[in-house]
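Colleague: The structure follows.
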Amino acid sequence: NAGVMQNPRHLVRRRGQEARLRCSPMKGHSHVYWYRQLPEEGLKFMVYLQKENIIDESGMPKERFSAEFPKEGPSILRIQQVVRGDSAAYFCASSQGRHEAFFGQGTRLTVV
Amino acid sequence: GDSVTQMEGPVTLSEEAFLTINCTYTATGYPSLFWYVQYPGEGLQLLLKATKADDKGSNKGFEATYRKETTSFHLEKGSVQVSDSAVYFCALSANNAGNMLTFGGGTRLMVKP
């Protein structure tokens with residue numbers, strides 16, 4: 001049973017471009033969580049999704065950021081018009097209901 | 001809102017030394033408490049957890065006790081190894097919040113042979 005798969009592992013974008021981060025949850029998991037880790041800081045919750053629904057997006061910046069978890073395929077975190085301050089590690093976690101969440105290895109986004 | 005505060009690192013120890021990493025929290029209600037470990041270049045792994053007051057979580061020689069009276073969840077290990085070198089994160093999940101976690105800032109542990 002493969003773990004939570006995130007890709008790409010590393011992503012470099014120029015300012016103003018779009019970044020798309022993908023997360024495939026563990027088999028059987030229908031809950032996905034996205035977190036952001038700024039350099040030398042802890043993880044901050046961004047958004048919680050179930051299949052086709054956003055459950056809680058209280059940690060998402062109001063502009064440029066969006067997330068989806070379609071019926072088929074991975075969850076996508078999209079950042080439009082990236083700025084240097086978006087450079088961070090983005091982690092996805094998945095769970096089966098309220099059971100323990102398992103984390104992916106993260107996508108390290110660098111904006112140049 | 002909820003918050004988690006843990007001691008700043010890095011913490012540098014010699015092999016077989018005793019480890020304590022302090023963690024305190026602020027939350028309404030009765031949160032669940034967690035310690036996660038992050039090895040270099042990897043994601044977070046759940047190390048241990050406790051879901052109610054006075055519970056002790058333990059795994060791989062690490063222990064932490066949920067102390068409601070002091071709102072603390074300090075991580076301890078009696079004898080660290082070089083392979084324990086990593087970043088340790090304390091976290092809480094508010095009541096009924098499922099897996100929406102609030103993390104502390106992380107503490108880097110370096111163990112020297």
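Ligands are numbered from 1 in the order shown, residues from 1 within each chain, and chains are lettered A, B, ... in the order they appear in the structure tokens.
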Could you tell me which residues of chain B sit within 7 Å of chain A when counting only C-alpha atoms, and give me the result as a ChimeraX atom specification?
Modeller: /B:42-45,98-106
Colleague: Please provide as a CSV table (one decimal) with N, CA and C atoms, in the first residue's frame all residues within 6 Å of segment 57-74 of chain A, with the sequence filter that same-chain residues fewer than 2 positions apart are discarded (counting only C-alpha atoms).
Modeller:
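Saved the output as selection_39.csv:
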```
chain,number,residue,atom,x,y,z
A,23,CYS,N,-1.3,15.9,-5.0
A,23,CYS,CA,-1.3,14.9,-3.9
A,23,CYS,C,-2.2,13.8,-4.1
A,24,SER,N,-1.6,12.6,-4.2
A,24,SER,CA,-2.4,11.4,-4.3
A,24,SER,C,-2.5,10.7,-2.9
A,45,PHE,N,-1.7,24.9,8.9
A,45,PHE,CA,-2.8,24.3,8.2
A,45,PHE,C,-3.4,25.3,7.1
A,46,MET,N,-3.7,24.7,6.0
A,46,MET,CA,-4.2,25.6,4.9
A,46,MET,C,-5.7,25.2,4.6
A,47,VAL,N,-5.9,23.9,4.3
A,47,VAL,CA,-7.2,23.5,3.8
A,47,VAL,C,-7.4,22.0,4.0
A,51,LYS,N,-13.7,14.3,-0.8
A,51,LYS,CA,-13.9,14.2,-2.3
A,51,LYS,C,-15.0,15.2,-2.8
A,52,GLU,N,-14.5,16.1,-3.7
A,52,GLU,CA,-15.4,17.1,-4.3
A,52,GLU,C,-15.9,18.2,-3.4
A,76,ILE,N,-5.3,18.8,-5.9
A,76,ILE,CA,-4.4,19.8,-6.5
A,76,ILE,C,-4.5,21.1,-5.6
A,77,LEU,N,-3.3,21.6,-5.3
A,77,LEU,CA,-3.2,22.9,-4.7
A,77,LEU,C,-2.6,23.8,-5.8
A,78,ARG,N,-3.3,24.9,-6.1
A,78,ARG,CA,-2.9,25.8,-7.2
A,78,ARG,C,-2.6,27.2,-6.6
A,79,ILE,N,-1.4,27.7,-7.0
A,79,ILE,CA,-1.0,29.0,-6.6
A,79,ILE,C,-0.8,29.8,-7.9
A,80,GLN,N,-1.6,30.8,-8.0
A,80,GLN,CA,-1.5,31.7,-9.2
A,80,GLN,C,-0.6,32.9,-8.9
```
Colleague: Just want the 12 Å neighbourhood of Thr70 of chain B, counted on only C-alpha atoms, with same-chain residues fewer than 5 positions away dropped. Output as a PyMOL selection string.
Modeller: chain B and resi 22-26+53-54+65
Colleague: Find the residues near Val12 of chain A: any atom within 6 Å, counting only C-alpha atoms, skip ones fewer than 4 places away on the same chain, and give them as a PyMOL selection string.
Modeller: chain A and resi 109-111
Colleague: Can you list, as an MDAnalysis selection string, every protein, DNA or RNA residue that comes within 12 Å of Glu15 of chain B when you count only C-alpha atoms, leaving out same-chain residues fewer than 3 positions away?
Modeller: chainID B and resid 12 18:19 77:85 109:113
Colleague: Got a sec: who's within 10 Å of Arg13 of chain A, counting only C-alpha atoms, leaving out chain neighbours fewer than 4 positions off, as a PyMOL selection string?
Modeller: chain A and resi 17-19+81-84+87+109-112
Colleague: Please return, as number ranges by chain, all residues of segment 18-58 of chain B that DSSP assigns to strand (DSSP E) on the basis of the backbone.
Modeller: B: 19-21, 23-26, 32-38, 44-50, 56-58
Colleague: Restricting the calculation to only C-alpha atoms: of B:Asp55, B:Leu47, B:Tyr36, B:Ala86, which residue gets closest to Ser72 of chain B?
Modeller: B:Asp55
Colleague: Skip Lys52 of chain B itself and residues of its chain fewer than 3 positions away, then list as a list in words all residues within 10 Å of it, counting only C-alpha atoms.
Modeller: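 What passes the distance filter is Tyr30, Pro31, Ser32, Leu33, Lys49, Asp55, Lys56, Thr65, Tyr66, Arg67 and Lys68 of chain B.
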Colleague: Provide the atom CA of Val87 of chain B to atom CA of Lys60 of chain B distance in Å, to one decimal place.
Modeller: 15.6 Å
Colleague: Calculate how many Å separate atom CA of Ala64 of chain B from atom CA of Ala91 of chain B, rounding to one decimal.
Modeller: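 Pair atom CA of Ala64 of chain B / atom CA of Ala91 of chain B returns 12.3 Å.
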Colleague: From the set B:Thr107, B:Gln38, B:Asn59, B:Ser3, which residue has the shortest atom-to-atom contact distance to Ser93 of chain B, counting only C-alpha atoms?
Modeller: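 Under the stated criterion, the closest residue is B:Ser3.
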Colleague: Just checking: using only C-alpha atoms, which residue out of B:Asp2, B:Glu76, B:Met7, B:Gly41 ends up closest to Thr28 of chain B?
Modeller: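 So, comparing all the options, the nearest one is B:Asp2.
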